[in-house]
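Q: Shown below is the structure under consideration.
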Amino acid sequence: MSNQLERIKELVELRAKARMGGGEKAIEKQHARGKYTARERIDMLLDEGSFEEMDMFKLHRCTNFGMEKKQYLGDGVVTGSGTIDGRLVYVFAQDFTVNGGSLSETMAEKICKVMDQAMKMGAPCIGINDSGGARIQEGINALGGYANIFQRNIEASGVIPQISGIFGPCAGGAVYSPALTDFILMMENTSYMFLTGPKVVKTVTGEDVSQEDLGGASVHATKSGVTHFTAETEEEAMQMIRTLISYMPQNNMEEAPRLECTDPINRLEDFLNEIIPDNPNQAYDMYEVIGAIVDNGEFFEVQPDYAKNIIVGFARFNGQSVGVVANQPKCYAGVLDCNASRKGARFVRFCDAFNIPIVTFVNASGIIKEKENQMLVAATKLTTAYASATCPKLSVITGQAVGAAYIALAGRGSNADLVYAWDTAVISPLSTKAAVAFLFNDRLANGESRDALEKEYESEMASPFTAAACGAVDDVFVPAETRNKVIAALDVLAGKRETTIPRKHSVK
Ligand code: HXC
């Protein structure tokens, strides 16, 4: 064999060896756990054949605890670039078959390199995490590696979209870094997120706790709100990440891709005229409203199982990507509590960072008072997020817009660009019941009907026409017209420019 052929053969073999990660047995173990390998995941995520790998031959430099004998080409993370629907993305996928995907100094360098490249090219960065955290044998070098990654997560925040998939038992830095990114997706049953794993908890506190209870997808989807999405299969997870990316621009200087719209823009939805129940104690389902008016009824919901009294997610109007925020009357009457305020605020901040217009459907009779002491700070987060957002903001008051919820979600003073109201809306500083008790105490004491007084209050003080008369509402229309009106408003707001006074940053 010629020297040249020999060299080519060596390179082919070396690449094949790198592609085997931790080796055949470790791959079999990974598959037996119902998990794919790092390279298989990248192949599922990206457009076919688009992956360009970097640093395939990089090796760690640790000689502590016999680590020099545990060398694998690429050292436990596969990094590079590729495309999703033809758009450039950067990706890293930790390889659990190599030392449990634990992060060495070298691995951190590889991850930092793709993050730096993503920033330079202005392209989203997607991390596929399957790692036990800092490689304990490397001590401070691994820990310092995470510090470098966290720094980049923070610097990239609001500049390029950052998405984290959690595809295995992740601990320590392997969850802290994803928590610094924009969106987290967890696998049901095979992925966990904890700062310290059950083994460490047992050692330190003596307590037995299962991986699922400590940080399973169900806990993080419903209780902590850490994860934004969950998926049953890895195939489904990758498709969800692709869909999520489709709603986003490449970076904060670009616009999200506009798709061709096949759904008529002036479609009327007559059933919406009937959706508000006559009895205010009966709730309507805000999902029906959203589904009826967005393009093709397609709504990509974020955090669907957390703080269900507020709904957030992505949709399109006339092909344009928007962030939808809506109170859900079917859950706590759409009233805001701490979790709902934080969920809403975080989503609004993402949309604003990437100049994605926010369409808000308001039906909240104020804020929950039961956690009054915590509520105050949480509620201000939502108000701050809306008021400081400079992206196009359009609010449609579909039901009650009361007190702090009105100000945060639809307040003209809070900087909303356009505020619309259905003709059935009620806009008031207090709930109708409370306002009537306050204003008409004497008349109630004289035996006047509470129902009649509430009707009088709503028609004279809290009607959308009263709000329109003072300019707090820009237009009042019947619910059926909503799609048409929203699309027209988004067209008007498309060229919005708003500059703010220079400052270092707000304190809130
Ligand atoms: C070195 C590690 C490792 C780590 C796992 N491995 N985590 N090696 N450093 N952090 C190795 C294991 O020794 C094992 O090697 C292989 O990966 C697979 O791990 P298993 O334990 O067999 O797998 P499993 O039972 O599925 O448990 C996975 C796990 C568990 C839950 C992640 O390994 C675990 O609890 N690891 C430690 C988690 C942790 O406390 N990390 C915090 C790191 S400190 P062999 O050779 O046997 O196959 C940190 C600081 C960040 O990250 C600070 C900011 C927050």
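Ordering of the structure tokens sets the chain letters (A, B, ...), residue numbers begin anew at 1 in every chain, and ligands are numbered from 1 in the order given.
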Using only C-alpha atoms, which residues sit within 9 Å of Asp270 (chain A) once same-chain residues fewer than 4 positions away are excluded, as a PyMOL selection string?
A: chain A and resi 274+479-481
Q: Do a neighbour search on Thr482 (chain A) at 12 Å with only C-alpha atoms, toss out local chain neighbours closer than 4 positions, and write the hits as a VMD selection string.
A: chain A and resid 265 to 273 289 to 294 317 359 361 394 to 398 420 to 423 475 to 478 486 to 489
Q: Using only C-alpha atoms and all ligand atoms, determine which residues fall within 6 Å of ligand 1, then list them as a ChimeraX atom specification.
A: /A:99-100,102,132-136,143,169-173,176,195-197,199-200
Q: Residues within 12 Å of Ala123 (chain A), please, as a ChimeraX atom specification. Count only C-alpha atoms; anything in the same chain fewer than 6 positions from it doesn't count.
A: /A:81-84,87-91,114-117,156,158-163,245,248-254
Q: Tell me, which residues of region 68-227 of chain A carry DSSP strand (DSSP E or B), written as JSON, numbers by chain?
A: {"A": [77, 78, 79, 80, 81, 82, 83, 84, 87, 88, 89, 90, 91, 92, 93, 94, 103, 125, 126, 127, 128, 129, 134, 162, 163, 164, 165, 166, 169, 170, 171, 183, 184, 185, 186, 187, 192, 193, 194, 216]}
Q: Output C-alpha atoms for every residue in that selection, as a JSON list (two decimals), in the first residue's frame.
A:
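Here's the written file selection22.json:
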```json
[["chain", "number", "residue", "atom", "x", "y", "z"],
["A", 77, "VAL", "CA", -18.50, 15.80, 23.71],
["A", 78, "VAL", "CA", -19.31, 16.09, 20.03],
["A", 79, "THR", "CA", -19.28, 19.68, 18.78],
["A", 80, "GLY", "CA", -19.82, 21.49, 15.52],
["A", 81, "SER", "CA", -22.29, 23.26, 13.25],
["A", 82, "GLY", "CA", -25.12, 22.26, 10.97],
["A", 83, "THR", "CA", -28.46, 23.47, 9.72],
["A", 84, "ILE", "CA", -32.11, 23.26, 10.77],
["A", 87, "ARG", "CA", -30.53, 27.83, 8.85],
["A", 88, "LEU", "CA", -27.14, 27.68, 10.58],
["A", 89, "VAL", "CA", -27.01, 26.40, 14.18],
["A", 90, "TYR", "CA", -24.18, 25.37, 16.48],
["A", 91, "VAL", "CA", -24.48, 22.27, 18.58],
["A", 92, "PHE", "CA", -22.70, 20.33, 21.29],
["A", 93, "ALA", "CA", -23.77, 16.89, 22.47],
["A", 94, "GLN", "CA", -22.26, 15.35, 25.57],
["A", 103, "LEU", "CA", -16.97, 17.80, 31.93],
["A", 125, "CYS", "CA", -26.54, 27.37, 20.07],
["A", 126, "ILE", "CA", -28.13, 24.06, 21.05],
["A", 127, "GLY", "CA", -26.69, 21.97, 23.87],
["A", 128, "ILE", "CA", -27.58, 18.30, 24.21],
["A", 129, "ASN", "CA", -26.74, 17.50, 27.81],
["A", 134, "ALA", "CA", -17.75, 18.52, 36.49],
["A", 162, "GLN", "CA", -29.68, 29.21, 23.49],
["A", 163, "ILE", "CA", -31.56, 25.93, 23.83],
["A", 164, "SER", "CA", -30.75, 23.05, 26.16],
["A", 165, "GLY", "CA", -31.93, 19.49, 25.79],
["A", 166, "ILE", "CA", -31.57, 17.27, 28.85],
["A", 169, "PRO", "CA", -29.10, 12.12, 34.34],
["A", 170, "CYS", "CA", -27.54, 15.60, 34.54],
["A", 171, "ALA", "CA", -25.97, 17.03, 37.66],
["A", 183, "PHE", "CA", -35.28, 27.10, 26.89],
["A", 184, "ILE", "CA", -34.91, 23.66, 28.43],
["A", 185, "LEU", "CA", -36.41, 20.44, 27.10],
["A", 186, "MET", "CA", -36.34, 17.30, 29.27],
["A", 187, "MET", "CA", -36.90, 13.68, 28.36],
["A", 192, "TYR", "CA", -33.00, 14.20, 35.45],
["A", 193, "MET", "CA", -31.74, 17.57, 36.58],
["A", 194, "PHE", "CA", -30.16, 18.06, 39.97],
["A", 216, "GLY", "CA", -37.33, 14.16, 37.05]]
```
Q: Compare A:Arg7, A:Lys69, A:Lys508, A:Arg483 by their minimum atom-to-atom distance to Leu382 (chain A), counting only C-alpha atoms, and give me the closest one.
A: A:Lys508
Q: What's around Gly225 (chain A) at 9 Å? Count only C-alpha atoms, leave out sequence neighbours fewer than 3 positions away in its own chain, and write the answer as a list of chain:residue names.
A: A:Val219, A:His220, A:Ala221, A:Thr222, A:His228, A:Gln303, A:Asp305, A:Tyr306, A:Ala307, A:Asn339, A:Lys343
Q: May I have the residues from that selection written out with C-alpha atoms, as a short mmCIF file (atom, residue, chain, number, x, y, z; two decimals), in the first residue's frame?
A:
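Output file out_37.cif is given in full below:
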```
data_model
loop_
_atom_site.label_atom_id
_atom_site.label_comp_id
_atom_site.auth_asym_id
_atom_site.auth_seq_id
_atom_site.Cartn_x
_atom_site.Cartn_y
_atom_site.Cartn_z
CA VAL A 219 -41.11 17.63 38.87
CA HIS A 220 -39.44 20.24 36.69
CA ALA A 221 -42.40 20.53 34.30
CA THR A 222 -45.07 20.96 36.98
CA HIS A 228 -40.13 24.43 29.33
CA GLN A 303 -44.34 25.40 30.00
CA ASP A 305 -47.94 22.12 32.75
CA TYR A 306 -46.60 24.90 34.99
CA ALA A 307 -48.64 27.85 36.32
CA ASN A 339 -45.47 31.37 39.43
CA LYS A 343 -43.53 32.45 33.87
#
```
Q: Would you compute the distance between CA of Thr432 (chain A) and CA of Ala385 (chain A)? Give it in Å to one decimal.
A: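 Straight-line distance from CA of Thr432 (chain A) to CA of Ala385 (chain A) works out to 27.2 Å.
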Q: Tell me which of A:Leu5, A:Leu73, A:Met44, A:Met119 sits closest to Lys17 (chain A), counting only C-alpha atoms.
A: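 Counting only C-alpha atoms, the residue closest to Lys17 (chain A) is A:Leu73.
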Q: What is the distance between CA of Gly447 (chain A) and CA of Ser431 (chain A), in Å to one decimal?
A: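 Between CA of Gly447 (chain A) and CA of Ser431 (chain A) the gap works out to 21.0 Å.
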